[in-house]
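**Student:** Quick one: structure below, then a few questions.
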Amino acid sequence: MTAVQIPRRLDFPTVAPQVFKAVLALDGASRDGLDPVVRELVQLRASLLNRCAYCLDYHTNDARKAGESEDRLLQLAAWHDASAFTARERAALALADAITLLPGGIPDDVFATAAAHFDEHELAQLIAMVATANVWNRINVACRTTPGNA
């Protein structure tokens with residue numbers, strides 16, 4: 001089977017280097033104090049919802065390096081119905097879904113559940129991490145950055 005090469009529309013880092021560096025800095029800052037597994041799960045979940053092939057590939061590899069299992073990676077798309085995730089991870093994933101989809105705001109119960117599992121610093125970092133994942137997803141989807149053409 002031969003993979004189809006998806007042509008990139010724009011080489012974003014080359015044509016907008018200051019913006020690219022700023023998003024990299026935001027990405028780095030948002031990682032502080034977050035469990036690497038939770039971090040990769042929420043980035044993967046946002047990338048699934050946004051259909052960002054590049055970020056799915058990137059964060060799947062990072063999740064594996066952080067010790068994530070193939071079973072849990074495969075179940076992430078249906079995490080609501082999967083028993084493989086802890087209450088803390090489920091709270092983070094629910095918040096990631098709400099921030100990514102913004103279905104009329106973040107429901108109070110979703111925020112309260114996340115706040116019950118994460119201290120204020122972690123919660124702020126989690127919000128920043130999901131927001132940053134969404135920025136990357138939107139840049140990569142708009143530019144058609146896919147695995148193999150980055």
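Following the order of the structure tokens, chains are lettered A, B, ..., residues in each are numbered from 1, and ligands are numbered from 1.
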I want to know what sits within 7 Å of segment 121-137 of chain A, based on only C-alpha atoms, with residues of the same chain fewer than 4 positions away left out; could you give that as a list in words?
**Tutor:**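 Listing them by chain and then by number gives Leu26, Asp27, Ser30, Arg31, Asp32, Gly33, Leu34, Val42, Gln43, Ala46, Ser47, Asn50, Cys52, Cys55, Ala96, Thr100, Ala115 and Val141 of chain A.
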**Student:** Where does DSSP see helix (DSSP H, G or I) in segment 59-99 of chain A, if you list the residues as a PDB file with all heavy atoms, in the first residue's frame?
**Tutor:**
ATOM      1  N   HIS A  59       1.985  13.491  18.902  1.00  0.00           N
ATOM      2  CA  HIS A  59       1.644  13.240  20.303  1.00  0.00           C
ATOM      3  C   HIS A  59       1.418  11.760  20.607  1.00  0.00           C
ATOM      4  O   HIS A  59       1.595  11.337  21.749  1.00  0.00           O
ATOM      5  CB  HIS A  59       0.458  14.094  20.733  1.00  0.00           C
ATOM      6  CG  HIS A  59       0.813  15.544  20.746  1.00  0.00           C
ATOM      7  ND1 HIS A  59       1.766  16.063  21.596  1.00  0.00           N
ATOM      8  CD2 HIS A  59       0.388  16.571  19.980  1.00  0.00           C
ATOM      9  CE1 HIS A  59       1.893  17.352  21.366  1.00  0.00           C
ATOM     10  NE2 HIS A  59       1.079  17.676  20.379  1.00  0.00           N
ATOM     11  N   THR A  60       1.086  10.968  19.601  1.00  0.00           N
ATOM     12  CA  THR A  60       1.020   9.519  19.819  1.00  0.00           C
ATOM     13  C   THR A  60       2.412   8.996  20.142  1.00  0.00           C
ATOM     14  O   THR A  60       2.597   8.210  21.076  1.00  0.00           O
ATOM     15  CB  THR A  60       0.439   8.797  18.585  1.00  0.00           C
ATOM     16  OG1 THR A  60      -0.904   9.260  18.386  1.00  0.00           O
ATOM     17  CG2 THR A  60       0.426   7.294  18.780  1.00  0.00           C
ATOM     18  N   ASN A  61       3.397   9.464  19.396  1.00  0.00           N
ATOM     19  CA  ASN A  61       4.779   9.052  19.674  1.00  0.00           C
ATOM     20  C   ASN A  61       5.234   9.529  21.047  1.00  0.00           C
ATOM     21  O   ASN A  61       5.870   8.784  21.798  1.00  0.00           O
ATOM     22  CB  ASN A  61       5.718   9.564  18.571  1.00  0.00           C
ATOM     23  CG  ASN A  61       5.506   8.830  17.269  1.00  0.00           C
ATOM     24  OD1 ASN A  61       5.204   7.652  17.252  1.00  0.00           O
ATOM     25  ND2 ASN A  61       5.659   9.531  16.165  1.00  0.00           N
ATOM     26  N   ASP A  62       4.915  10.788  21.393  1.00  0.00           N
ATOM     27  CA  ASP A  62       5.295  11.304  22.707  1.00  0.00           C
ATOM     28  C   ASP A  62       4.581  10.563  23.834  1.00  0.00           C
ATOM     29  O   ASP A  62       5.159  10.324  24.893  1.00  0.00           O
ATOM     30  CB  ASP A  62       5.011  12.804  22.803  1.00  0.00           C
ATOM     31  CG  ASP A  62       6.079  13.642  22.121  1.00  0.00           C
ATOM     32  OD1 ASP A  62       7.068  13.068  21.616  1.00  0.00           O
ATOM     33  OD2 ASP A  62       5.923  14.875  22.096  1.00  0.00           O
ATOM     34  N   ALA A  63       3.321  10.203  23.616  1.00  0.00           N
ATOM     35  CA  ALA A  63       2.571   9.457  24.634  1.00  0.00           C
ATOM     36  C   ALA A  63       3.201   8.086  24.858  1.00  0.00           C
ATOM     37  O   ALA A  63       3.320   7.635  26.005  1.00  0.00           O
ATOM     38  CB  ALA A  63       1.107   9.312  24.215  1.00  0.00           C
ATOM     39  N   ARG A  64       3.607   7.445  23.797  1.00  0.00           N
ATOM     40  CA  ARG A  64       4.291   6.148  23.941  1.00  0.00           C
ATOM     41  C   ARG A  64       5.581   6.312  24.742  1.00  0.00           C
ATOM     42  O   ARG A  64       5.880   5.497  25.613  1.00  0.00           O
ATOM     43  CB  ARG A  64       4.594   5.557  22.569  1.00  0.00           C
ATOM     44  CG  ARG A  64       3.393   5.013  21.850  1.00  0.00           C
ATOM     45  CD  ARG A  64       3.786   4.427  20.499  1.00  0.00           C
ATOM     46  NE  ARG A  64       2.628   3.970  19.775  1.00  0.00           N
ATOM     47  CZ  ARG A  64       2.301   4.389  18.552  1.00  0.00           C
ATOM     48  NH1 ARG A  64       3.072   5.252  17.905  1.00  0.00           N
ATOM     49  NH2 ARG A  64       1.217   3.936  17.969  1.00  0.00           N
ATOM     50  N   LYS A  65       6.338   7.366  24.446  1.00  0.00           N
ATOM     51  CA  LYS A  65       7.581   7.627  25.182  1.00  0.00           C
ATOM     52  C   LYS A  65       7.304   7.892  26.658  1.00  0.00           C
ATOM     53  O   LYS A  65       8.141   7.595  27.516  1.00  0.00           O
ATOM     54  CB  LYS A  65       8.327   8.814  24.571  1.00  0.00           C
ATOM     55  CG  LYS A  65       8.927   8.522  23.219  1.00  0.00           C
ATOM     56  CD  LYS A  65       9.543   9.783  22.632  1.00  0.00           C
ATOM     57  CE  LYS A  65       9.916   9.563  21.174  1.00  0.00           C
ATOM     58  NZ  LYS A  65      10.308  10.830  20.524  1.00  0.00           N
ATOM     59  N   GLU A  70      -0.812   1.088  24.114  1.00  0.00           N
ATOM     60  CA  GLU A  70      -1.531   1.095  22.840  1.00  0.00           C
ATOM     61  C   GLU A  70      -3.040   0.989  23.071  1.00  0.00           C
ATOM     62  O   GLU A  70      -3.822   1.640  22.380  1.00  0.00           O
ATOM     63  CB  GLU A  70      -1.048  -0.046  21.936  1.00  0.00           C
ATOM     64  CG  GLU A  70       0.366   0.118  21.436  1.00  0.00           C
ATOM     65  CD  GLU A  70       0.577   1.380  20.614  1.00  0.00           C
ATOM     66  OE1 GLU A  70      -0.238   1.684  19.706  1.00  0.00           O
ATOM     67  OE2 GLU A  70       1.564   2.080  20.871  1.00  0.00           O
ATOM     68  N   ASP A  71      -3.451   0.173  24.039  1.00  0.00           N
ATOM     69  CA  ASP A  71      -4.880   0.011  24.325  1.00  0.00           C
ATOM     70  C   ASP A  71      -5.521   1.351  24.670  1.00  0.00           C
ATOM     71  O   ASP A  71      -6.583   1.703  24.157  1.00  0.00           O
ATOM     72  CB  ASP A  71      -5.116  -0.975  25.470  1.00  0.00           C
ATOM     73  CG  ASP A  71      -4.886  -2.414  25.061  1.00  0.00           C
ATOM     74  OD1 ASP A  71      -4.875  -2.700  23.846  1.00  0.00           O
ATOM     75  OD2 ASP A  71      -4.723  -3.253  25.958  1.00  0.00           O
ATOM     76  N   ARG A  72      -4.872   2.102  25.553  1.00  0.00           N
ATOM     77  CA  ARG A  72      -5.441   3.385  25.953  1.00  0.00           C
ATOM     78  C   ARG A  72      -5.405   4.391  24.808  1.00  0.00           C
ATOM     79  O   ARG A  72      -6.332   5.180  24.646  1.00  0.00           O
ATOM     80  CB  ARG A  72      -4.719   3.922  27.185  1.00  0.00           C
ATOM     81  CG  ARG A  72      -5.147   3.167  28.439  1.00  0.00           C
ATOM     82  CD  ARG A  72      -4.355   3.507  29.676  1.00  0.00           C
ATOM     83  NE  ARG A  72      -3.847   4.841  29.804  1.00  0.00           N
ATOM     84  CZ  ARG A  72      -4.302   5.770  30.654  1.00  0.00           C
ATOM     85  NH1 ARG A  72      -5.308   5.484  31.459  1.00  0.00           N
ATOM     86  NH2 ARG A  72      -3.740   6.964  30.727  1.00  0.00           N
ATOM     87  N   LEU A  73      -4.360   4.366  24.009  1.00  0.00           N
ATOM     88  CA  LEU A  73      -4.301   5.256  22.857  1.00  0.00           C
ATOM     89  C   LEU A  73      -5.446   4.969  21.888  1.00  0.00           C
ATOM     90  O   LEU A  73      -6.072   5.893  21.370  1.00  0.00           O
ATOM     91  CB  LEU A  73      -2.955   5.134  22.137  1.00  0.00           C
ATOM     92  CG  LEU A  73      -1.750   5.685  22.887  1.00  0.00           C
ATOM     93  CD1 LEU A  73      -0.463   5.361  22.146  1.00  0.00           C
ATOM     94  CD2 LEU A  73      -1.887   7.183  23.121  1.00  0.00           C
ATOM     95  N   LEU A  74      -5.728   3.698  21.673  1.00  0.00           N
ATOM     96  CA  LEU A  74      -6.814   3.320  20.769  1.00  0.00           C
ATOM     97  C   LEU A  74      -8.186   3.677  21.342  1.00  0.00           C
ATOM     98  O   LEU A  74      -9.110   3.982  20.600  1.00  0.00           O
ATOM     99  CB  LEU A  74      -6.746   1.828  20.454  1.00  0.00           C
ATOM    100  CG  LEU A  74      -5.559   1.407  19.593  1.00  0.00           C
ATOM    101  CD1 LEU A  74      -5.437  -0.105  19.531  1.00  0.00           C
ATOM    102  CD2 LEU A  74      -5.671   2.003  18.200  1.00  0.00           C
ATOM    103  N   GLN A  75      -8.320   3.666  22.654  1.00  0.00           N
ATOM    104  CA  GLN A  75      -9.598   3.960  23.283  1.00  0.00           C
ATOM    105  C   GLN A  75      -9.857   5.459  23.470  1.00  0.00           C
ATOM    106  O   GLN A  75     -10.968   5.867  23.817  1.00  0.00           O
ATOM    107  CB  GLN A  75      -9.695   3.263  24.644  1.00  0.00           C
ATOM    108  CG  GLN A  75      -9.757   1.747  24.532  1.00  0.00           C
ATOM    109  CD  GLN A  75      -9.830   1.087  25.888  1.00  0.00           C
ATOM    110  OE1 GLN A  75     -10.612   1.479  26.735  1.00  0.00           O
ATOM    111  NE2 GLN A  75      -9.003   0.074  26.089  1.00  0.00           N
ATOM    112  N   LEU A  76      -8.866   6.271  23.222  1.00  0.00           N
ATOM    113  CA  LEU A  76      -8.993   7.705  23.462  1.00  0.00           C
ATOM    114  C   LEU A  76     -10.128   8.341  22.659  1.00  0.00           C
ATOM    115  O   LEU A  76     -10.814   9.231  23.157  1.00  0.00           O
ATOM    116  CB  LEU A  76      -7.669   8.408  23.171  1.00  0.00           C
ATOM    117  CG  LEU A  76      -7.593   9.878  23.538  1.00  0.00           C
ATOM    118  CD1 LEU A  76      -7.886  10.093  25.022  1.00  0.00           C
ATOM    119  CD2 LEU A  76      -6.219  10.423  23.194  1.00  0.00           C
ATOM    120  N   ALA A  77     -10.338   7.887  21.452  1.00  0.00           N
ATOM    121  CA  ALA A  77     -11.407   8.456  20.624  1.00  0.00           C
ATOM    122  C   ALA A  77     -12.777   8.251  21.268  1.00  0.00           C
ATOM    123  O   ALA A  77     -13.691   9.048  21.049  1.00  0.00           O
ATOM    124  CB  ALA A  77     -11.383   7.843  19.228  1.00  0.00           C
ATOM    125  N   ALA A  78     -12.924   7.208  22.070  1.00  0.00           N
ATOM    126  CA  ALA A  78     -14.197   6.897  22.729  1.00  0.00           C
ATOM    127  C   ALA A  78     -14.031   6.898  24.244  1.00  0.00           C
ATOM    128  O   ALA A  78     -14.605   6.075  24.950  1.00  0.00           O
ATOM    129  CB  ALA A  78     -14.712   5.549  22.242  1.00  0.00           C
ATOM    130  N   TRP A  79     -13.260   7.832  24.775  1.00  0.00           N
ATOM    131  CA  TRP A  79     -12.923   7.829  26.194  1.00  0.00           C
ATOM    132  C   TRP A  79     -14.153   7.867  27.091  1.00  0.00           C
ATOM    133  O   TRP A  79     -14.130   7.305  28.183  1.00  0.00           O
ATOM    134  CB  TRP A  79     -11.965   8.966  26.535  1.00  0.00           C
ATOM    135  CG  TRP A  79     -12.584  10.328  26.545  1.00  0.00           C
ATOM    136  CD1 TRP A  79     -12.611  11.219  25.515  1.00  0.00           C
ATOM    137  CD2 TRP A  79     -13.266  10.953  27.627  1.00  0.00           C
ATOM    138  NE1 TRP A  79     -13.268  12.351  25.879  1.00  0.00           N
ATOM    139  CE2 TRP A  79     -13.688  12.224  27.189  1.00  0.00           C
ATOM    140  CE3 TRP A  79     -13.577  10.565  28.935  1.00  0.00           C
ATOM    141  CZ2 TRP A  79     -14.392  13.107  27.989  1.00  0.00           C
ATOM    142  CZ3 TRP A  79     -14.282  11.442  29.741  1.00  0.00           C
ATOM    143  CH2 TRP A  79     -14.686  12.702  29.271  1.00  0.00           C
ATOM    144  N   HIS A  80     -15.237   8.494  26.641  1.00  0.00           N
ATOM    145  CA  HIS A  80     -16.457   8.560  27.466  1.00  0.00           C
ATOM    146  C   HIS A  80     -16.957   7.170  27.837  1.00  0.00           C
ATOM    147  O   HIS A  80     -17.518   6.977  28.919  1.00  0.00           O
ATOM    148  CB  HIS A  80     -17.583   9.287  26.710  1.00  0.00           C
ATOM    149  CG  HIS A  80     -17.319  10.723  26.460  1.00  0.00           C
ATOM    150  ND1 HIS A  80     -16.753  11.176  25.295  1.00  0.00           N
ATOM    151  CD2 HIS A  80     -17.537  11.820  27.222  1.00  0.00           C
ATOM    152  CE1 HIS A  80     -16.646  12.493  25.344  1.00  0.00           C
ATOM    153  NE2 HIS A  80     -17.099  12.907  26.500  1.00  0.00           N
ATOM    154  N   ASP A  81     -16.771   6.221  26.933  1.00  0.00           N
ATOM    155  CA  ASP A  81     -17.283   4.860  27.117  1.00  0.00           C
ATOM    156  C   ASP A  81     -16.198   3.854  27.473  1.00  0.00           C
ATOM    157  O   ASP A  81     -16.469   2.668  27.532  1.00  0.00           O
ATOM    158  CB  ASP A  81     -17.995   4.405  25.836  1.00  0.00           C
ATOM    159  CG  ASP A  81     -19.168   5.297  25.496  1.00  0.00           C
ATOM    160  OD1 ASP A  81     -19.936   5.647  26.409  1.00  0.00           O
ATOM    161  OD2 ASP A  81     -19.300   5.666  24.306  1.00  0.00           O
ATOM    162  N   ALA A  87     -10.186   8.741  36.987  1.00  0.00           N
ATOM    163  CA  ALA A  87     -11.093   9.872  37.182  1.00  0.00           C
ATOM    164  C   ALA A  87     -10.390  11.180  36.864  1.00  0.00           C
ATOM    165  O   ALA A  87     -10.976  12.094  36.261  1.00  0.00           O
ATOM    166  CB  ALA A  87     -11.635   9.871  38.608  1.00  0.00           C
ATOM    167  N   ARG A  88      -9.137  11.296  37.250  1.00  0.00           N
ATOM    168  CA  ARG A  88      -8.345  12.510  36.972  1.00  0.00           C
ATOM    169  C   ARG A  88      -8.169  12.700  35.472  1.00  0.00           C
ATOM    170  O   ARG A  88      -8.331  13.807  34.950  1.00  0.00           O
ATOM    171  CB  ARG A  88      -6.994  12.373  37.687  1.00  0.00           C
ATOM    172  CG  ARG A  88      -6.060  13.544  37.526  1.00  0.00           C
ATOM    173  CD  ARG A  88      -4.805  13.291  38.381  1.00  0.00           C
ATOM    174  NE  ARG A  88      -3.697  14.121  38.042  1.00  0.00           N
ATOM    175  CZ  ARG A  88      -3.439  15.313  38.574  1.00  0.00           C
ATOM    176  NH1 ARG A  88      -4.226  15.807  39.491  1.00  0.00           N
ATOM    177  NH2 ARG A  88      -2.380  16.001  38.206  1.00  0.00           N
ATOM    178  N   GLU A  89      -7.816  11.639  34.765  1.00  0.00           N
ATOM    179  CA  GLU A  89      -7.640  11.718  33.314  1.00  0.00           C
ATOM    180  C   GLU A  89      -8.973  12.047  32.629  1.00  0.00           C
ATOM    181  O   GLU A  89      -9.013  12.850  31.697  1.00  0.00           O
ATOM    182  CB  GLU A  89      -7.072  10.410  32.776  1.00  0.00           C
ATOM    183  CG  GLU A  89      -5.642  10.171  33.204  1.00  0.00           C
ATOM    184  CD  GLU A  89      -5.170   8.745  32.990  1.00  0.00           C
ATOM    185  OE1 GLU A  89      -6.015   7.823  32.823  1.00  0.00           O
ATOM    186  OE2 GLU A  89      -3.935   8.539  33.004  1.00  0.00           O
ATOM    187  N   ARG A  90     -10.057  11.456  33.106  1.00  0.00           N
ATOM    188  CA  ARG A  90     -11.380  11.716  32.543  1.00  0.00           C
ATOM    189  C   ARG A  90     -11.761  13.185  32.725  1.00  0.00           C
ATOM    190  O   ARG A  90     -12.340  13.810  31.830  1.00  0.00           O
ATOM    191  CB  ARG A  90     -12.421  10.788  33.136  1.00  0.00           C
ATOM    192  CG  ARG A  90     -12.177   9.304  32.793  1.00  0.00           C
ATOM    193  CD  ARG A  90     -13.149   8.375  33.518  1.00  0.00           C
ATOM    194  NE  ARG A  90     -14.482   8.483  32.957  1.00  0.00           N
ATOM    195  CZ  ARG A  90     -14.865   7.946  31.796  1.00  0.00           C
ATOM    196  NH1 ARG A  90     -13.993   7.249  31.073  1.00  0.00           N
ATOM    197  NH2 ARG A  90     -16.082   8.094  31.353  1.00  0.00           N
ATOM    198  N   ALA A  91     -11.421  13.746  33.890  1.00  0.00           N
ATOM    199  CA  ALA A  91     -11.703  15.159  34.133  1.00  0.00           C
ATOM    200  C   ALA A  91     -10.919  16.026  33.160  1.00  0.00           C
ATOM    201  O   ALA A  91     -11.453  17.006  32.603  1.00  0.00           O
ATOM    202  CB  ALA A  91     -11.364  15.520  35.581  1.00  0.00           C
ATOM    203  N   ALA A  92      -9.647  15.683  32.938  1.00  0.00           N
ATOM    204  CA  ALA A  92      -8.818  16.432  31.993  1.00  0.00           C
ATOM    205  C   ALA A  92      -9.349  16.297  30.572  1.00  0.00           C
ATOM    206  O   ALA A  92      -9.391  17.277  29.810  1.00  0.00           O
ATOM    207  CB  ALA A  92      -7.369  15.957  32.074  1.00  0.00           C
ATOM    208  N   LEU A  93      -9.770  15.103  30.196  1.00  0.00           N
ATOM    209  CA  LEU A  93     -10.297  14.882  28.849  1.00  0.00           C
ATOM    210  C   LEU A  93     -11.620  15.613  28.639  1.00  0.00           C
ATOM    211  O   LEU A  93     -11.863  16.179  27.565  1.00  0.00           O
ATOM    212  CB  LEU A  93     -10.453  13.383  28.579  1.00  0.00           C
ATOM    213  CG  LEU A  93      -9.134  12.619  28.467  1.00  0.00           C
ATOM    214  CD1 LEU A  93      -9.379  11.119  28.486  1.00  0.00           C
ATOM    215  CD2 LEU A  93      -8.365  13.041  27.229  1.00  0.00           C
ATOM    216  N   ALA A  94     -12.469  15.632  29.645  1.00  0.00           N
ATOM    217  CA  ALA A  94     -13.734  16.364  29.536  1.00  0.00           C
ATOM    218  C   ALA A  94     -13.477  17.854  29.359  1.00  0.00           C
ATOM    219  O   ALA A  94     -14.136  18.525  28.549  1.00  0.00           O
ATOM    220  CB  ALA A  94     -14.603  16.110  30.773  1.00  0.00           C
ATOM    221  N   LEU A  95     -12.516  18.377  30.109  1.00  0.00           N
ATOM    222  CA  LEU A  95     -12.157  19.786  29.966  1.00  0.00           C
ATOM    223  C   LEU A  95     -11.565  20.047  28.582  1.00  0.00           C
ATOM    224  O   LEU A  95     -11.896  21.051  27.933  1.00  0.00           O
ATOM    225  CB  LEU A  95     -11.182  20.208  31.068  1.00  0.00           C
ATOM    226  CG  LEU A  95     -10.873  21.698  31.146  1.00  0.00           C
ATOM    227  CD1 LEU A  95     -12.136  22.512  31.449  1.00  0.00           C
ATOM    228  CD2 LEU A  95      -9.815  21.961  32.212  1.00  0.00           C
ATOM    229  N   ALA A  96     -10.714  19.146  28.097  1.00  0.00           N
ATOM    230  CA  ALA A  96     -10.137  19.290  26.757  1.00  0.00           C
ATOM    231  C   ALA A  96     -11.235  19.310  25.698  1.00  0.00           C
ATOM    232  O   ALA A  96     -11.200  20.136  24.776  1.00  0.00           O
ATOM    233  CB  ALA A  96      -9.142  18.162  26.474  1.00  0.00           C
ATOM    234  N   ASP A  97     -12.211  18.425  25.826  1.00  0.00           N
ATOM    235  CA  ASP A  97     -13.332  18.410  24.881  1.00  0.00           C
ATOM    236  C   ASP A  97     -14.081  19.733  24.915  1.00  0.00           C
ATOM    237  O   ASP A  97     -14.383  20.321  23.876  1.00  0.00           O
ATOM    238  CB  ASP A  97     -14.308  17.277  25.210  1.00  0.00           C
ATOM    239  CG  ASP A  97     -13.839  15.905  24.751  1.00  0.00           C
ATOM    240  OD1 ASP A  97     -12.680  15.758  24.313  1.00  0.00           O
ATOM    241  OD2 ASP A  97     -14.654  14.962  24.857  1.00  0.00           O
ATOM    242  N   ALA A  98     -14.396  20.217  26.126  1.00  0.00           N
ATOM    243  CA  ALA A  98     -15.181  21.442  26.260  1.00  0.00           C
ATOM    244  C   ALA A  98     -14.432  22.653  25.713  1.00  0.00           C
ATOM    245  O   ALA A  98     -15.017  23.494  25.024  1.00  0.00           O
ATOM    246  CB  ALA A  98     -15.560  21.661  27.719  1.00  0.00           C
ATOM    247  N   ILE A  99     -13.134  22.750  26.003  1.00  0.00           N
ATOM    248  CA  ILE A  99     -12.346  23.883  25.505  1.00  0.00           C
ATOM    249  C   ILE A  99     -12.195  23.810  23.990  1.00  0.00           C
ATOM    250  O   ILE A  99     -12.268  24.824  23.295  1.00  0.00           O
ATOM    251  CB  ILE A  99     -10.965  23.941  26.190  1.00  0.00           C
ATOM    252  CG1 ILE A  99     -11.127  24.283  27.673  1.00  0.00           C
ATOM    253  CG2 ILE A  99     -10.043  24.950  25.497  1.00  0.00           C
ATOM    254  CD1 ILE A  99      -9.847  24.128  28.483  1.00  0.00           C
TER     255      ILE A  99
END
**Student:** At a cut-off of 9 Å, using only C-alpha atoms, what residues contact Thr146 of chain A? Leave out same-chain residues fewer than 4 positions from it and give the result as a list in words.
**Tutor:** Gln5, Ile6, Pro7, Arg8, Cys52, Ala53, Tyr54, Cys55, Asp57, Asn140, Val141 and Ala150 of chain A
**Student:** Expressed in Å to a single decimal, how great is the separation between atom CA of Val4 of chain A and atom CA of Pro147 of chain A?
**Tutor:** 11.1 Å
